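> Provided herewith: coords_38.cif, mmCIF, C-alpha atoms and all ligand atoms.
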data_query
loop_
_atom_site.label_atom_id
_atom_site.label_comp_id
_atom_site.auth_asym_id
_atom_site.auth_seq_id
_atom_site.Cartn_x
_atom_site.Cartn_y
_atom_site.Cartn_z
CA MET A 1 -30.33 16.27 -24.39
CA GLY A 2 -31.42 18.64 -27.13
CA ILE A 3 -34.36 17.41 -29.18
CA GLU A 4 -34.43 20.84 -30.79
CA GLU A 5 -31.55 23.25 -31.21
CA ARG A 6 -33.45 26.18 -29.84
CA GLU A 7 -34.32 25.92 -26.20
CA SER A 8 -38.06 25.51 -26.15
CA PHE A 9 -40.30 24.95 -23.20
CA PHE A 10 -40.44 21.26 -24.07
CA THR A 11 -36.66 20.55 -24.20
CA THR A 12 -35.78 22.57 -21.14
CA THR A 13 -38.49 20.80 -19.19
CA ILE A 14 -37.21 17.40 -20.33
CA ASP A 15 -33.68 18.47 -19.44
CA SER A 16 -34.60 19.49 -15.96
CA LEU A 17 -36.67 16.36 -15.52
CA VAL A 18 -33.72 14.19 -16.53
CA SER A 19 -31.30 15.99 -14.27
CA TRP A 20 -33.80 15.88 -11.43
CA ALA A 21 -34.03 12.11 -11.82
CA ARG A 22 -30.29 11.80 -12.21
CA LYS A 23 -29.52 13.89 -9.16
CA ASN A 24 -31.77 11.83 -6.92
CA SER A 25 -30.35 8.49 -7.98
CA LEU A 26 -26.61 8.99 -8.02
CA TRP A 27 -25.20 5.51 -7.72
CA PRO A 28 -21.79 5.59 -6.08
CA MET A 29 -18.88 3.43 -7.10
CA PRO A 30 -17.24 2.94 -3.69
CA MET A 31 -13.51 3.09 -4.32
CA GLY A 32 -12.72 2.23 -0.71
CA ILE A 33 -8.98 1.82 -0.55
CA SER A 34 -8.18 2.40 3.11
CA CYS A 35 -9.48 3.77 6.41
CA CYS A 36 -11.76 6.45 4.89
CA ALA A 37 -13.80 3.60 3.48
CA ILE A 38 -14.99 2.76 6.99
CA GLU A 39 -16.51 6.18 7.27
CA MET A 40 -17.99 5.82 3.81
CA MET A 41 -19.65 2.61 4.97
CA ALA A 42 -20.87 4.43 8.07
CA SER A 43 -22.60 6.96 5.88
CA ALA A 44 -24.73 4.13 4.50
CA ASP A 45 -25.84 2.88 7.89
CA PRO A 46 -29.24 3.80 9.42
CA ARG A 47 -27.82 6.60 11.48
CA PHE A 48 -26.56 8.71 8.60
CA ASP A 49 -28.55 6.94 5.92
CA ILE A 50 -27.27 7.96 2.52
CA SER A 51 -30.44 6.49 1.03
CA ARG A 52 -32.27 9.64 2.03
CA PHE A 53 -30.55 11.11 -1.01
CA GLY A 54 -31.04 8.15 -3.29
CA SER A 55 -27.44 7.00 -3.22
CA GLU A 56 -27.63 3.85 -1.20
CA VAL A 57 -27.00 1.63 -4.20
CA MET A 58 -23.31 0.92 -3.77
CA ARG A 59 -22.69 -1.43 -6.63
CA PHE A 60 -19.14 -2.67 -6.97
CA SER A 61 -19.60 -2.37 -10.65
CA PRO A 62 -18.39 0.74 -12.43
CA ARG A 63 -20.71 0.25 -15.40
CA GLN A 64 -23.78 0.96 -13.29
CA SER A 65 -22.38 3.92 -11.38
CA ASP A 66 -22.25 7.62 -11.97
CA LEU A 67 -20.38 8.83 -8.92
CA MET A 68 -16.98 7.64 -7.84
CA ILE A 69 -16.14 8.10 -4.17
CA VAL A 70 -12.39 7.67 -3.85
CA ALA A 71 -11.95 6.94 -0.15
CA GLY A 72 -8.39 6.19 0.82
CA THR A 73 -4.70 6.46 0.16
CA VAL A 74 -4.00 6.10 -3.54
CA THR A 75 -0.53 4.75 -4.22
CA TYR A 76 1.15 5.01 -7.58
CA LYS A 77 0.55 1.35 -8.17
CA MET A 78 -3.14 1.67 -7.31
CA SER A 79 -3.61 4.81 -9.39
CA HIS A 80 -3.76 2.77 -12.59
CA VAL A 81 -6.54 0.66 -11.15
CA VAL A 82 -8.50 3.70 -10.01
CA ARG A 83 -8.18 5.30 -13.42
CA LYS A 84 -9.21 2.13 -15.20
CA ILE A 85 -12.35 1.83 -13.09
CA TYR A 86 -13.10 5.49 -13.68
CA ASP A 87 -12.75 4.96 -17.41
CA GLN A 88 -15.22 2.09 -17.26
CA MET A 89 -17.96 4.26 -15.79
CA PRO A 90 -20.43 5.62 -18.33
CA GLU A 91 -20.74 9.38 -18.88
CA PRO A 92 -21.89 11.57 -17.25
CA LYS A 93 -19.84 10.86 -14.14
CA TRP A 94 -18.59 12.70 -11.09
CA VAL A 95 -15.80 12.19 -8.58
CA ILE A 96 -15.61 12.87 -4.86
CA ALA A 97 -12.11 12.92 -3.35
CA MET A 98 -12.83 11.87 0.18
CA GLY A 99 -10.29 12.61 2.88
CA ALA A 100 -6.86 14.16 3.20
CA CYS A 101 -4.97 11.31 1.54
CA THR A 102 -7.06 11.31 -1.56
CA SER A 103 -7.12 15.08 -1.93
CA THR A 104 -3.47 15.86 -1.19
CA GLY A 105 -1.61 12.75 -0.13
CA GLY A 106 -2.35 13.66 3.47
CA MET A 107 0.11 12.49 6.06
CA TYR A 108 1.75 10.16 3.55
CA ARG A 109 4.34 12.51 2.13
CA THR A 110 6.36 9.67 0.65
CA TYR A 111 7.57 8.32 -2.65
CA SER A 112 4.83 5.73 -2.99
CA VAL A 113 1.67 7.81 -2.53
CA VAL A 114 0.16 10.05 -5.20
CA GLN A 115 0.03 13.56 -3.74
CA GLY A 116 -3.56 14.26 -4.74
CA ILE A 117 -5.67 12.23 -7.13
CA ASP A 118 -6.38 15.30 -9.25
CA GLN A 119 -3.06 14.47 -10.90
CA PHE A 120 -4.87 11.81 -12.88
CA LEU A 121 -8.63 12.19 -12.26
CA PRO A 122 -10.99 15.16 -12.73
CA VAL A 123 -12.21 15.72 -9.18
CA ASP A 124 -15.45 17.59 -8.51
CA VAL A 125 -15.60 17.79 -4.73
CA TYR A 126 -12.80 17.57 -2.20
CA VAL A 127 -13.74 16.63 1.34
CA ALA A 128 -11.32 17.55 4.13
CA GLY A 129 -10.81 15.40 7.20
CA CYS A 130 -8.91 12.36 8.28
CA PRO A 131 -11.32 10.69 7.97
CA PRO A 132 -14.18 13.07 7.13
CA ARG A 133 -17.35 12.63 9.14
CA PRO A 134 -20.15 10.88 7.28
CA ASP A 135 -22.07 14.17 7.43
CA ASN A 136 -19.29 15.75 5.42
CA LEU A 137 -19.52 13.04 2.82
CA LEU A 138 -23.26 13.62 2.63
CA ASN A 139 -22.55 17.32 2.23
CA ALA A 140 -20.28 16.49 -0.68
CA LEU A 141 -23.04 14.39 -2.18
CA LEU A 142 -25.43 17.34 -1.90
CA GLU A 143 -22.89 19.55 -3.66
CA ILE A 144 -22.67 17.01 -6.46
CA GLN A 145 -26.46 16.98 -6.62
CA LYS A 146 -26.45 20.75 -7.05
CA LYS A 147 -24.00 20.37 -9.89
CA VAL A 148 -26.09 17.70 -11.55
CA LYS A 149 -29.19 19.83 -11.21
CA ASN A 150 -27.52 22.77 -12.90
CA GLY A 151 -26.43 20.38 -15.57
CA ASN A 152 -24.19 22.56 -17.69
CA GLN A 153 -20.61 21.60 -18.43
CA LYS A 154 -19.08 24.76 -17.07
CA SER A 155 -20.22 24.19 -13.54
CA LYS A 156 -19.32 20.53 -13.83
CA ARG A 157 -15.59 21.27 -13.92
CA GLU A 158 -15.72 23.81 -11.15
CA LYS A 159 -14.09 22.42 -8.02
CA ILE A 160 -15.76 22.50 -4.63
CA TYR A 161 -13.92 22.23 -1.33
CA ILE A 162 -15.65 21.09 1.83
CA ALA A 163 -13.96 22.05 5.09
CA GLU A 164 -13.77 19.83 8.10
CA MET B 1 15.87 -21.96 29.02
CA LYS B 2 17.49 -19.14 27.17
CA GLU B 3 20.88 -19.79 28.72
CA LEU B 4 20.57 -23.45 27.83
CA ILE B 5 19.77 -22.77 24.21
CA LYS B 6 22.50 -20.23 24.01
CA LYS B 7 25.03 -22.66 25.38
CA LYS B 8 23.86 -25.42 23.12
CA LEU B 9 24.09 -23.28 20.02
CA GLN B 10 27.47 -22.00 21.09
CA GLU B 11 28.80 -25.52 21.37
CA LYS B 12 27.30 -26.84 18.15
CA LEU B 13 27.95 -23.86 15.96
CA SER B 14 31.08 -22.39 17.48
CA ASP B 15 32.93 -22.67 14.17
CA TYR B 16 30.38 -20.57 12.35
CA ILE B 17 29.53 -17.85 14.81
CA ILE B 18 31.57 -14.66 14.73
CA ASP B 19 29.95 -12.89 17.62
CA ILE B 20 27.07 -13.18 20.07
CA VAL B 21 25.23 -10.05 21.10
CA GLU B 22 22.77 -10.01 23.92
CA PHE B 23 20.79 -6.86 24.34
CA GLN B 24 17.86 -6.76 26.74
CA SER B 25 15.98 -9.90 25.80
CA ASP B 26 17.29 -10.18 22.22
CA LEU B 27 19.82 -12.81 21.32
CA THR B 28 21.72 -12.13 18.13
CA PHE B 29 24.32 -14.28 16.41
CA VAL B 30 26.56 -12.56 13.92
CA ILE B 31 27.53 -15.03 11.24
CA LYS B 32 29.23 -15.23 7.88
CA ALA B 33 27.07 -15.30 4.77
CA GLU B 34 28.39 -18.64 3.52
CA ASN B 35 27.41 -20.43 6.74
CA LEU B 36 23.82 -19.26 6.72
CA THR B 37 22.39 -22.40 5.14
CA ILE B 38 24.17 -24.78 7.50
CA ILE B 39 23.16 -22.86 10.59
CA SER B 40 19.54 -22.43 9.65
CA LYS B 41 19.30 -26.10 8.69
CA HIS B 42 20.56 -26.95 12.13
CA LEU B 43 18.09 -24.58 13.77
CA ARG B 44 15.28 -26.17 11.84
CA ASP B 45 16.18 -29.83 12.19
CA ASP B 46 17.40 -30.12 15.77
CA VAL B 47 14.48 -31.64 17.68
CA GLU B 48 15.24 -29.62 20.76
CA LEU B 49 15.19 -26.35 18.85
CA GLU B 50 12.65 -26.56 16.01
CA TYR B 51 13.15 -23.03 14.86
CA SER B 52 11.14 -21.56 12.01
CA LEU B 53 11.76 -18.44 10.00
CA ARG B 54 9.66 -15.42 10.91
CA ASP B 55 11.09 -12.52 8.97
CA ILE B 56 14.03 -11.28 6.96
CA LEU B 57 14.96 -7.63 6.96
CA ALA B 58 17.88 -5.44 6.10
CA ILE B 59 19.43 -2.39 7.68
CA ASP B 60 21.24 0.29 5.74
CA ARG B 61 23.87 1.70 8.06
CA TYR B 62 25.19 4.04 5.36
CA THR B 63 28.79 3.48 6.31
CA ASN B 64 31.74 2.89 4.02
CA GLU B 65 32.36 -0.66 5.15
CA ASN B 66 29.83 -3.26 6.18
CA ARG B 67 27.14 -1.01 4.85
CA PHE B 68 24.24 -3.46 5.06
CA GLU B 69 23.10 -5.89 7.70
CA VAL B 70 20.69 -8.67 6.78
CA VAL B 71 18.80 -9.89 9.80
CA TYR B 72 17.02 -13.24 10.02
CA ASN B 73 14.35 -13.54 12.65
CA PHE B 74 13.80 -17.08 13.95
CA PHE B 75 11.26 -18.20 16.48
CA SER B 76 10.89 -21.53 18.23
CA ILE B 77 7.33 -22.21 19.31
CA LYS B 78 8.57 -25.16 21.31
CA ASN B 79 10.93 -23.11 23.48
CA LYS B 80 9.14 -19.77 23.11
CA LEU B 81 12.44 -18.20 22.24
CA ARG B 82 13.38 -15.83 19.48
CA ILE B 83 16.86 -15.48 18.03
CA PHE B 84 18.32 -13.34 15.30
CA LEU B 85 21.02 -14.21 12.81
CA LYS B 86 22.86 -11.27 11.40
CA ILE B 87 25.03 -11.05 8.30
CA LYS B 88 27.13 -7.99 7.61
CA ILE B 89 27.79 -7.26 3.96
CA GLU B 90 29.27 -4.60 1.76
CA ASP B 91 27.35 -2.57 -0.76
CA ALA B 92 26.58 -4.66 -3.89
CA GLU B 93 27.57 -7.88 -2.14
CA SER B 94 25.04 -10.68 -2.37
CA VAL B 95 23.77 -13.22 0.12
CA PRO B 96 22.80 -16.88 -0.40
CA THR B 97 19.12 -17.54 -0.51
CA LEU B 98 17.32 -19.38 2.28
CA VAL B 99 14.53 -20.71 0.09
CA ASP B 100 15.98 -24.24 0.07
CA VAL B 101 15.68 -24.40 3.84
CA PHE B 102 12.57 -22.30 4.46
CA GLN B 103 10.08 -21.84 1.64
CA SER B 104 8.71 -18.76 3.34
CA ALA B 105 11.98 -16.95 2.72
CA ASN B 106 10.94 -16.45 -0.88
CA TRP B 107 8.82 -13.33 -0.44
CA TYR B 108 10.87 -11.96 2.46
CA GLU B 109 13.91 -11.99 0.26
CA ARG B 110 11.99 -10.38 -2.55
CA GLU B 111 11.00 -7.62 -0.15
CA VAL B 112 14.58 -7.03 0.95
CA PHE B 113 15.68 -7.02 -2.66
CA ASP B 114 12.95 -4.53 -3.60
CA MET B 115 13.63 -2.15 -0.75
CA HIS B 116 17.43 -2.37 -0.42
CA GLY B 117 18.68 -3.83 -3.68
CA ILE B 118 20.46 -6.71 -1.96
CA LYS B 119 20.70 -9.68 -4.29
CA PHE B 120 20.08 -13.23 -3.07
CA TYR B 121 21.85 -15.70 -5.26
CA ASN B 122 20.08 -18.93 -6.27
CA HIS B 123 16.75 -17.35 -5.45
CA PRO B 124 14.12 -18.94 -7.76
CA ASP B 125 12.20 -15.75 -8.52
CA LEU B 126 13.93 -12.55 -7.47
CA ARG B 127 11.49 -9.90 -8.68
CA ARG B 128 10.18 -6.74 -7.06
CA ILE B 129 7.31 -7.29 -4.71
CA TYR B 130 6.00 -3.83 -3.71
CA MET B 131 7.21 -1.34 -6.26
CA PRO B 132 6.23 -1.45 -9.94
CA GLU B 133 8.39 -3.73 -12.07
CA GLU B 134 9.85 -0.90 -14.15
CA PHE B 135 10.94 1.13 -11.10
CA GLN B 136 14.68 1.77 -11.10
CA TYR B 137 15.53 2.50 -7.47
CA HIS B 138 15.48 0.90 -4.04
CA PRO B 139 13.49 3.13 -1.68
CA LEU B 140 14.88 2.11 1.71
CA ARG B 141 18.46 2.84 0.78
CA LYS B 142 19.56 5.92 2.65
CA GLU B 143 20.47 7.89 -0.48
CA PHE B 144 16.92 7.65 -1.82
CA PRO B 145 15.00 10.90 -1.19
CA LEU B 146 11.84 10.59 0.92
CA MET B 147 9.61 12.09 -1.74
CA GLY B 148 11.05 9.86 -4.41
CA ILE B 149 12.48 10.77 -7.77
CA PRO B 150 10.07 12.78 -9.91
CA ASN B 151 8.53 10.87 -12.82
CA SER B 152 10.21 7.62 -11.81
CA ILE B 153 6.82 5.94 -11.34
CA SER B 154 4.23 6.36 -14.06
CA LEU B 155 0.77 7.81 -13.49
CA PRO B 156 -2.20 7.11 -15.75
CA ARG B 157 -2.75 9.68 -18.48
CA ASN B 158 -5.32 12.28 -17.47
S1 LIG C 1 -7.46 10.63 5.07
FE1 LIG C 1 -7.05 9.63 7.04
S2 LIG C 1 -8.76 8.22 7.30
FE2 LIG C 1 -8.71 8.80 5.16
S3 LIG C 1 -7.50 7.22 4.14
FE3 LIG C 1 -6.12 8.87 4.69
S4 LIG C 1 -5.29 8.29 6.67
FE4 LIG C 1 -7.13 7.05 6.33
#
Represent the structure from my file as structure tokens, please.


Amino acid sequence: MGIEERESFFTTTIDSLVSWARKNSLWPMPMGISCCAIEMMASADPRFDISRFGSEVMRFSPRQSDLMIVAGTVTYKMSHVVRKIYDQMPEPKWVIAMGACTSTGGMYRTYSVVQGIDQFLPVDVYVAGCPPRPDNLLNALLEIQKKVKNGNQKSKREKIYIAE
Amino acid sequence: MKELIKKKLQEKLSDYIIDIVEFQSDLTFVIKAENLTIISKHLRDDVELEYSLRDILAIDRYTNENRFEVVYNFFSIKNKLRIFLKIKIEDAESVPTLVDVFQSANWYEREVFDMHGIKFYNHPDLRRIYMPEEFQYHPLRKEFPLMGIPNSISLPRN
């Protein structure tokens, strides 16, 4: 965001303003592939209400999203689709690996399932659980918000693990 | 009802049936591959039977002879009775297609081909159905390792 090279009061304030706005309007790209997607939908309902954090806008359109929630078992055949959708999202973008299948392959230790989507996607937050509770997904969202607020690239690539 | 159907089929198809197995409520006819079309045509066209095809599957017994069994699952809504036709084949032997008799056999046979590598001759479109086109192996064969063969399926570049 640098208007000037040196960090002045003006640029740092703009920076933090932009990341404040960005963090409170993370639009998820719901990559709901299997059962975890049900819990992702539940997190948008009035009881858990993801819109408290400004992320209720689940557009099935990668070009408007900045956060990909991969919720479900990613097979090798599907991995190409997931990656293509990820590539279509504009920078800056973040990824939540929701659930055991997405993070590690989970109970599907077979030839057809990718054993962890970090083999082909840069994941920011891993959420444990099969499926994770909606609260845990919200927790992951808050972690992403912290990352966005800090803004710098170094912390962006740091991985966060959320226990069950 | 079941006894009646069994008797009827036995009479009509006695030349084609090698063996009849009855286990619990399952009725299985072991047949030769070349007679499959005739028998299934009869099952379909006989007004008292009116069988339709429900599924095709294969079993890998991993033995030296008669390694594979192809099982055809027929169900008659009219009689509420299910029967199975079973063909025993060797490794690399192929089976005639059933697409001319039942259109729905098309994808079932593709599935069996994909998973077991059993070829169905005269099939109009024998391609893989689950695994990627460029995949080399057949996952439900017993010699295929559970976790697959490393790098046999491509991942997107990171
Ligand atoms: S982690 Fe569990 S709930 Fe989630 S997709 Fe896998 S099997 Fe389904």

> Considering all atoms listed in the file, state which residue in the set A:Ser103, A:Gln119, A:Ser61, A:Ser16 is at the smallest distance from Ile162 of chain A.

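With all atoms listed in the file as the atom set, the closest residue is A:Ser103.
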
> Put a box with edges along x, y and z around all the listed atoms of ligand LIG 1 (chain C), pad it by 5 Å on each side, then give me its centre and sizes in Å, one decimal, as AutoDock Vina command-line options.


--center_x -7.0 --center_y 8.8 --center_z 5.7 --size_x 13.5 --size_y 13.6 --size_z 13.2

> Go through the chains and note each residue within 9 Å of ligand LIG 1 (chain C), using all atoms listed in the file, then give the set as a count of residues only.

27

> How would you write as a list in words the residues that get within 12 Å of (-4.3, 1.3, -12.2) in the file's frame, counting only C-alpha atoms?

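Neighbouring residues, ordered by chain and number, come to Val74, Thr75, Tyr76, Lys77, Met78, Ser79, His80, Val81, Val82, Arg83, Lys84, Ile85, Tyr86, Asp87, Phe120 and Leu121 of chain A; Pro132, Ser154, Leu155, Pro156 and Arg157 of chain B.
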
> Using all atoms listed in the file and a cutoff of 12 Å, can you tell me which residues are near (16.7, -22.7, 11.0) in the file's coordinates, and write them out as a ChimeraX atom specification?

/B:9,35-47,49-55,72-76,82-85,98-105

> Using only C-alpha atoms, which residue out of B:Val21, B:Leu126, B:Leu140, B:Ile153 lies closest to Phe68 of chain B?

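Looking only at the distances to Phe68 of chain B, the closest residue turns out to be B:Leu140.
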
> Please identify all polymer residues within 8 Å of Trp94 of chain A, counting only C-alpha atoms, omitting same-chain residues fewer than 3 positions from it, and present them as number ranges by chain.

A: 66-68, 123-124, 144

> Using C-alpha atoms, can you export the residues from the last selection as a short mmCIF file (atom, residue, chain, number, x, y, z; two decimals), in the coordinates of the input?


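Result file selection_1.cif:
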data_model
loop_
_atom_site.label_atom_id
_atom_site.label_comp_id
_atom_site.auth_asym_id
_atom_site.auth_seq_id
_atom_site.Cartn_x
_atom_site.Cartn_y
_atom_site.Cartn_z
CA ASP A 66 -22.25 7.62 -11.97
CA LEU A 67 -20.38 8.83 -8.92
CA MET A 68 -16.98 7.64 -7.84
CA VAL A 123 -12.21 15.72 -9.18
CA ASP A 124 -15.45 17.59 -8.51
CA ILE A 144 -22.67 17.01 -6.46
#

> Which of these residues is nearest to Gln145 of chain A, using only C-alpha atoms: A:Thr104, A:Ser51, A:Ser19, A:Gln64?

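Comparing A:Thr104, A:Ser51, A:Ser19, A:Gln64 against Gln145 of chain A, the winner is A:Ser19.
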
> From the options B:Trp107, B:Phe135, B:Phe144, B:Tyr16, which residue's atoms come nearest to Ala33 of chain B, counting all atoms listed in the file?

B:Tyr16

> Have a look at atom CA of Met89 of chain A and atom CA of Arg63 of chain A and let me know their distance in Å, one decimal.

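It comes out at 4.9 Å.
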
> What is the distance between atom CA of Ser25 of chain A and atom CA of Glu164 of chain A, in Å to one decimal?

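Calculated distance between atom CA of Ser25 of chain A and atom CA of Glu164 of chain A is 25.7 Å.
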
> Do you have, as JSON lines, the list of residues of chain B lying at most 6 Å from chain A, each with its nearest atom pair and that distance in Å to one decimal, counting all atoms listed in the file and ordered by chain then number?


{"residue": "B:Leu146", "atom": "CA", "partner": "A:Thr110", "partner_atom": "CA", "distance": 5.6}
{"residue": "B:Met147", "atom": "CA", "partner": "A:Tyr111", "partner_atom": "CA", "distance": 4.4}
{"residue": "B:Gly148", "atom": "CA", "partner": "A:Tyr111", "partner_atom": "CA", "distance": 4.2}
{"residue": "B:Pro156", "atom": "CA", "partner": "A:His80", "partner_atom": "CA", "distance": 5.6}
{"residue": "B:Asn158", "atom": "CA", "partner": "A:Phe120", "partner_atom": "CA", "distance": 4.6}

> Please compute the atom CA of Glu143 of chain A-atom CA of Ile160 of chain A distance, one decimal, in Å.

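We find that atom CA of Glu143 of chain A and atom CA of Ile160 of chain A lie 7.8 Å from each other.
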
> Identify which of the residues A:Ser65, A:Asn150, A:Arg133, A:Asp45 lies closest to Pro92 of chain A, counting all atoms listed in the file when measuring atom-to-atom distances.

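The closest residue to Pro92 of chain A is A:Ser65.
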
> So which one's closest to Lys159 of chain A, A:Met29, A:Val95, A:Leu142, A:Met41? Using only C-alpha atoms, please.

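Smallest separation from Lys159 of chain A among the options: A:Val95.
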